[in-house]
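A.B. asks: For reference, the file coords_29.txt (compact mmCIF, C-alpha atoms) is included below:
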# COMPACT_ATOMS: atom_id res chain seq x y z
CA GLU I 1 -8.75 -70.54 -39.07
CA PRO I 2 -9.99 -73.50 -41.11
CA GLU I 3 -10.08 -76.81 -39.31
CA VAL I 4 -10.91 -80.45 -39.84
CA THR I 5 -14.23 -81.43 -38.30
CA GLN I 6 -15.50 -84.88 -37.39
CA THR I 7 -18.90 -86.28 -36.52
CA PRO I 8 -20.09 -87.75 -34.32
CA SER I 9 -17.82 -86.94 -31.39
CA HIS I 10 -18.86 -90.18 -29.69
CA GLN I 11 -20.42 -93.34 -31.07
CA VAL I 12 -21.56 -96.41 -29.17
CA THR I 13 -22.44 -99.48 -31.18
CA GLN I 14 -23.07 -103.17 -30.76
CA MET I 15 -20.53 -105.71 -31.97
CA GLY I 16 -21.27 -106.71 -35.55
CA GLN I 17 -22.95 -103.43 -36.46
CA GLU I 18 -21.76 -101.13 -39.20
CA VAL I 19 -20.56 -97.66 -38.35
CA ILE I 20 -19.72 -94.70 -40.53
CA LEU I 21 -17.44 -92.00 -39.19
CA ARG I 22 -17.56 -88.69 -40.96
CA CYS I 23 -14.97 -86.04 -41.55
CA VAL I 24 -14.95 -82.71 -43.31
CA PRO I 25 -11.35 -81.92 -44.29
CA ILE I 26 -10.06 -78.41 -44.81
CA SER I 27 -11.59 -77.18 -48.04
CA ASN I 28 -8.52 -76.71 -50.23
CA HIS I 29 -6.79 -79.88 -49.04
CA LEU I 30 -6.39 -82.77 -51.45
CA TYR I 31 -4.95 -85.54 -49.26
CA PHE I 32 -6.93 -87.26 -46.54
CA TYR I 33 -6.03 -89.72 -43.82
CA TRP I 34 -7.53 -91.82 -41.07
CA TYR I 35 -5.69 -92.77 -37.90
CA ARG I 36 -6.82 -94.50 -34.76
CA GLN I 37 -5.68 -94.45 -31.14
CA ILE I 38 -6.70 -97.24 -28.84
CA LEU I 39 -6.95 -95.96 -25.29
CA GLY I 40 -3.51 -95.55 -23.77
CA GLN I 41 -1.72 -96.66 -26.92
CA LYS I 42 0.02 -95.06 -29.87
CA VAL I 43 -1.65 -93.26 -32.72
CA GLU I 44 -1.73 -95.71 -35.65
CA PHE I 45 -2.08 -94.95 -39.34
CA LEU I 46 -4.99 -96.60 -41.13
CA VAL I 47 -5.25 -95.21 -44.64
CA SER I 48 -4.44 -92.31 -46.94
CA PHE I 49 -6.63 -91.15 -49.80
CA TYR I 50 -5.98 -88.96 -52.80
CA ASN I 51 -7.77 -88.35 -56.08
CA ASN I 52 -10.63 -90.62 -55.08
CA GLU I 53 -8.55 -93.63 -54.37
CA ILE I 54 -6.56 -95.19 -51.56
CA SER I 55 -2.89 -94.31 -51.89
CA GLU I 56 -1.62 -96.23 -48.90
CA LYS I 57 -3.03 -98.42 -46.16
CA SER I 58 -1.73 -100.22 -43.11
CA GLU I 59 -2.18 -103.83 -41.99
CA ILE I 60 -4.97 -102.67 -39.70
CA PHE I 61 -7.04 -101.50 -42.66
CA ASP I 62 -8.47 -104.87 -43.65
CA ASP I 63 -11.59 -105.74 -45.60
CA GLN I 64 -13.79 -104.58 -42.75
CA PHE I 65 -12.76 -101.01 -43.42
CA SER I 66 -13.54 -98.78 -46.36
CA VAL I 67 -13.21 -95.09 -47.12
CA GLU I 68 -15.16 -92.86 -49.41
CA ARG I 69 -15.42 -89.28 -50.50
CA PRO I 70 -19.11 -89.24 -51.34
CA ASP I 71 -19.22 -85.57 -52.26
CA GLY I 72 -16.94 -82.57 -52.47
CA SER I 73 -16.64 -82.05 -48.76
CA ASN I 74 -17.07 -85.26 -46.75
CA PHE I 75 -14.60 -88.06 -46.20
CA THR I 76 -15.94 -91.17 -44.47
CA LEU I 77 -14.57 -94.26 -42.79
CA LYS I 78 -16.87 -97.27 -42.70
CA ILE I 79 -16.38 -100.28 -40.48
CA ARG I 80 -18.65 -103.01 -41.81
CA SER I 81 -18.94 -105.35 -38.85
CA THR I 82 -17.46 -103.86 -35.73
CA LYS I 83 -15.44 -105.88 -33.26
CA LEU I 84 -14.69 -105.13 -29.63
CA GLU I 85 -11.10 -104.32 -30.56
CA ASP I 86 -12.27 -101.58 -32.92
CA SER I 87 -13.02 -99.45 -29.86
CA ALA I 88 -10.71 -96.46 -30.20
CA MET I 89 -10.49 -92.80 -31.00
CA TYR I 90 -10.53 -92.32 -34.76
CA PHE I 91 -8.82 -89.25 -36.17
CA CYS I 92 -9.24 -87.80 -39.61
CA ALA I 93 -6.49 -85.62 -41.04
CA SER I 94 -5.92 -83.68 -44.22
CA SER I 95 -3.05 -81.96 -45.98
CA ARG I 96 -2.86 -79.56 -48.89
CA GLN I 97 -0.09 -81.46 -50.59
CA GLY I 98 1.18 -84.99 -50.14
CA LEU I 99 3.47 -85.91 -47.30
CA ARG I 100 6.38 -86.43 -49.71
CA VAL I 101 6.86 -82.67 -49.70
CA GLN I 102 6.92 -82.78 -45.90
CA GLU I 103 3.58 -81.15 -45.69
CA THR I 104 1.84 -80.61 -42.37
CA GLN I 105 -1.20 -82.74 -41.60
CA TYR I 106 -4.12 -81.13 -39.81
CA PHE I 107 -6.03 -83.42 -37.49
CA GLY I 108 -9.66 -83.35 -36.51
CA PRO I 109 -10.82 -83.66 -32.88
CA GLY I 110 -11.61 -87.35 -33.30
CA THR I 111 -14.58 -89.68 -32.91
CA ARG I 112 -14.53 -91.93 -29.89
CA LEU I 113 -15.98 -95.29 -30.89
CA LEU I 114 -17.07 -97.77 -28.27
CA VAL I 115 -18.07 -101.25 -29.39
CA LEU I 116 -20.07 -103.26 -26.86
CA SER S 1 10.74 -100.76 -35.57
CA GLN S 2 11.01 -97.18 -36.80
CA GLN S 3 8.77 -95.85 -34.07
CA GLY S 4 9.94 -93.00 -31.94
CA GLU S 5 9.84 -93.52 -28.22
CA GLU S 6 9.40 -90.57 -25.91
CA ASP S 7 11.07 -90.12 -22.59
CA PRO S 8 9.97 -89.52 -19.91
CA GLN S 9 6.51 -91.07 -20.02
CA ALA S 10 5.25 -88.44 -17.61
CA LEU S 11 6.56 -85.07 -16.50
CA SER S 12 5.20 -82.80 -13.79
CA ILE S 13 6.54 -79.27 -13.38
CA GLN S 14 5.60 -75.86 -12.00
CA GLU S 15 4.48 -72.99 -14.17
CA GLY S 16 7.47 -70.98 -15.36
CA GLU S 17 9.83 -73.93 -15.43
CA ASN S 18 11.19 -75.43 -18.62
CA ALA S 19 10.03 -78.84 -19.83
CA THR S 20 12.23 -81.13 -21.87
CA MET S 21 10.97 -84.23 -23.62
CA ASN S 22 13.10 -86.64 -25.59
CA CYS S 23 12.42 -88.93 -28.50
CA SER S 24 14.61 -91.78 -29.69
CA TYR S 25 14.21 -93.78 -32.86
CA LYS S 26 15.93 -96.68 -34.57
CA THR S 27 16.43 -96.17 -38.29
CA SER S 28 17.20 -93.33 -40.68
CA ILE S 29 14.58 -90.68 -40.98
CA ASN S 30 13.43 -88.16 -43.54
CA ASN S 31 11.96 -85.90 -40.89
CA LEU S 32 10.67 -85.92 -37.33
CA GLN S 33 7.57 -84.15 -36.11
CA TRP S 34 6.28 -83.14 -32.70
CA TYR S 35 2.58 -83.02 -31.90
CA ARG S 36 0.53 -81.95 -28.90
CA GLN S 37 -2.69 -83.62 -27.81
CA ASN S 38 -4.89 -82.09 -25.18
CA SER S 39 -6.95 -84.57 -23.19
CA GLY S 40 -9.59 -86.18 -25.39
CA ARG S 41 -8.81 -83.94 -28.33
CA GLY S 42 -7.08 -84.18 -31.69
CA LEU S 43 -3.41 -83.85 -32.48
CA VAL S 44 -1.94 -80.45 -33.13
CA HIS S 45 1.18 -80.26 -35.25
CA LEU S 46 3.92 -78.28 -33.49
CA ILE S 47 7.16 -78.52 -35.44
CA LEU S 48 8.66 -80.56 -38.28
CA ILE S 49 12.43 -80.89 -38.36
CA ARG S 50 14.16 -82.34 -41.40
CA SER S 51 17.02 -84.80 -41.18
CA ASN S 52 19.51 -82.18 -42.36
CA GLU S 53 18.43 -79.69 -39.70
CA ARG S 54 19.76 -79.59 -36.16
CA GLU S 55 17.52 -77.10 -34.42
CA LYS S 56 14.23 -75.30 -34.97
CA HIS S 57 12.33 -72.77 -32.94
CA SER S 58 8.70 -71.80 -32.78
CA GLY S 59 7.74 -69.34 -30.07
CA ARG S 60 8.52 -71.00 -26.73
CA LEU S 61 9.29 -74.32 -28.43
CA ARG S 62 12.75 -75.48 -29.35
CA VAL S 63 13.37 -78.76 -31.11
CA THR S 64 16.77 -80.32 -31.64
CA LEU S 65 17.70 -83.31 -33.75
CA ASP S 66 20.81 -85.43 -33.43
CA THR S 67 20.82 -87.96 -36.24
CA SER S 68 24.05 -89.54 -35.04
CA LYS S 69 22.34 -90.44 -31.76
CA LYS S 70 18.96 -90.95 -33.43
CA SER S 71 17.30 -88.67 -30.96
CA SER S 72 15.34 -85.45 -30.75
CA SER S 73 14.29 -83.22 -27.92
CA LEU S 74 11.43 -80.79 -27.44
CA LEU S 75 12.01 -77.96 -25.02
CA ILE S 76 9.13 -75.81 -23.82
CA THR S 77 10.44 -72.72 -22.09
CA ALA S 78 8.59 -70.76 -19.41
CA SER S 79 5.83 -73.33 -19.28
CA ARG S 80 2.20 -72.40 -18.63
CA ALA S 81 -0.69 -74.39 -17.21
CA ALA S 82 -2.16 -74.38 -20.72
CA ASP S 83 0.84 -76.42 -21.92
CA THR S 84 -0.56 -79.39 -19.99
CA ALA S 85 -1.04 -82.06 -22.65
CA SER S 86 0.51 -85.17 -24.15
CA TYR S 87 3.37 -84.60 -26.54
CA PHE S 88 4.18 -87.08 -29.29
CA CYS S 89 7.06 -87.42 -31.65
CA ALA S 90 6.42 -88.95 -35.04
CA THR S 91 9.11 -90.16 -37.39
CA VAL S 92 9.01 -90.37 -41.16
CA ALA S 93 11.42 -93.03 -42.39
CA SER S 94 13.77 -92.24 -45.21
CA GLY S 95 13.40 -94.18 -48.43
CA GLY S 96 9.92 -95.44 -47.70
CA SER S 97 6.42 -94.39 -46.87
CA TYR S 98 6.00 -90.76 -45.87
CA ILE S 99 3.38 -91.66 -43.29
CA PRO S 100 4.54 -90.61 -39.80
CA THR S 101 4.89 -93.28 -37.12
CA PHE S 102 3.97 -92.07 -33.65
CA GLY S 103 5.49 -92.82 -30.28
CA ARG S 104 3.59 -93.35 -27.05
CA GLY S 105 3.96 -89.78 -25.93
CA THR S 106 5.00 -87.84 -22.86
CA SER S 107 2.26 -86.67 -20.55
CA LEU S 108 3.14 -83.18 -19.31
CA ILE S 109 1.40 -81.59 -16.35
CA VAL S 110 2.17 -77.95 -15.59
CA HIS S 111 0.98 -76.89 -12.16
CA PRO S 112 -0.16 -73.27 -11.80
Can I see the file as structure tokens?
C.D. replies:
Amino acid sequence: EPEVTQTPSHQVTQMGQEVILRCVPISNHLYFYWYRQILGQKVEFLVSFYNNEISEKSEIFDDQFSVERPDGSNFTLKIRSTKLEDSAMYFCASSRQGLRVQETQYFGPGTRLLVL
Amino acid sequence: SQQGEEDPQALSIQEGENATMNCSYKTSINNLQWYRQNSGRGLVHLILIRSNEREKHSGRLRVTLDTSKKSSSLLITASRAADTASYFCATVASGGSYIPTFGRGTSLIVHP
């Protein structure tokens, strides 16, 4: 069964460093998302992406964050200058159609980011 | 806030018993979704129930929705040790963004 994959599974970085989290969505999916979950807290939406542009973003997704689909398979989340509070599990998700048609999202296993 | 809130926060049962988790929310919804998350892993979509539906089944899972009470429940029948996980409800508000908003989850432990 096709699945969303994410790399790396764990990432440790120093405060102020840039990190890039990578995701490979399911191949025939057209809508992509990033969420994060700070330890012990709720899963929070960051951004949705369709047709090579951001379709929606939350307050969390400030100028430090960016997303890109550099090729036909990868979908990346970049944090330019990491802060301690960016430490979280970051989940990528994809869906075949947009969520307006009540489509199911498929989540990847996540990347655990630790900022020291 | 639109966010769903699960109840109880933690639930511990024996294998074979039924597990019931509840979710309450505050404003009108388009749909409500239940997810499972095994420890340290990603979210797995279980069931989506639309606002005009009252009950849905999937295998050993039964979800109900009461829009008048703004609540939903997830029932897992004949639980197994492998059902041990956190279960989240996520609400999609009506008339707005279709991005789901997650609750804090119920941690379910099923003892063999």
A.B. asks: Quick one: of I:Ile26, I:Glu53, I:Phe65, I:Pro70, who's nearest to Thr5 of chain I, counting only C-alpha atoms?
C.D. replies: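 Nearest candidate to Thr5 of chain I out of I:Ile26, I:Glu53, I:Phe65, I:Pro70: I:Ile26.
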A.B. asks: Give me, please, the distance in Å between atom CA of Ser28 of chain S and atom CA of Val101 of chain I, quoted to one decimal.
C.D. replies: 17.4 Å
A.B. asks: Hey, list the chain I side of the contact with chain S: 10 Å cut-off, all atoms listed in the file, answer as JSON, numbers by chain.
C.D. replies: {"I": [4, 9, 33, 40, 41, 42, 43, 44, 45, 46, 47, 48, 56, 57, 58, 89, 90, 91, 92, 93, 98, 99, 100, 101, 102, 103, 104, 105, 106, 107, 108, 109, 110, 111, 112]}
A.B. asks: Kindly extract all protein, DNA and RNA residues lying within 6 Å of the coordinates (-12.8, -98.4, -46.2) given in the file, considering all atoms listed in the file, and supply them as a PyMOL selection string.
C.D. replies: chain I and resi 65-67+77-78
A.B. asks: For a quick check of understanding, using only C-alpha atoms, which of S:Glu53, S:Glu15, S:Glu6, S:Asp83 has the smallest distance to Ser71 of chain S?
C.D. replies: S:Glu6
A.B. asks: Rounded to one decimal in Å, what is the spacing between atom CA of Val19 of chain I and atom CA of Val115 of chain I?
C.D. replies: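 Rounded to one decimal, the two atoms are 10.0 Å apart.
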A.B. asks: Which value, in Å to one decimal, gives the distance between atom CA of Gln14 of chain S and atom CA of Pro112 of chain S?
C.D. replies: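 Spanning atom CA of Gln14 of chain S to atom CA of Pro112 of chain S is a straight-line distance of 6.3 Å.
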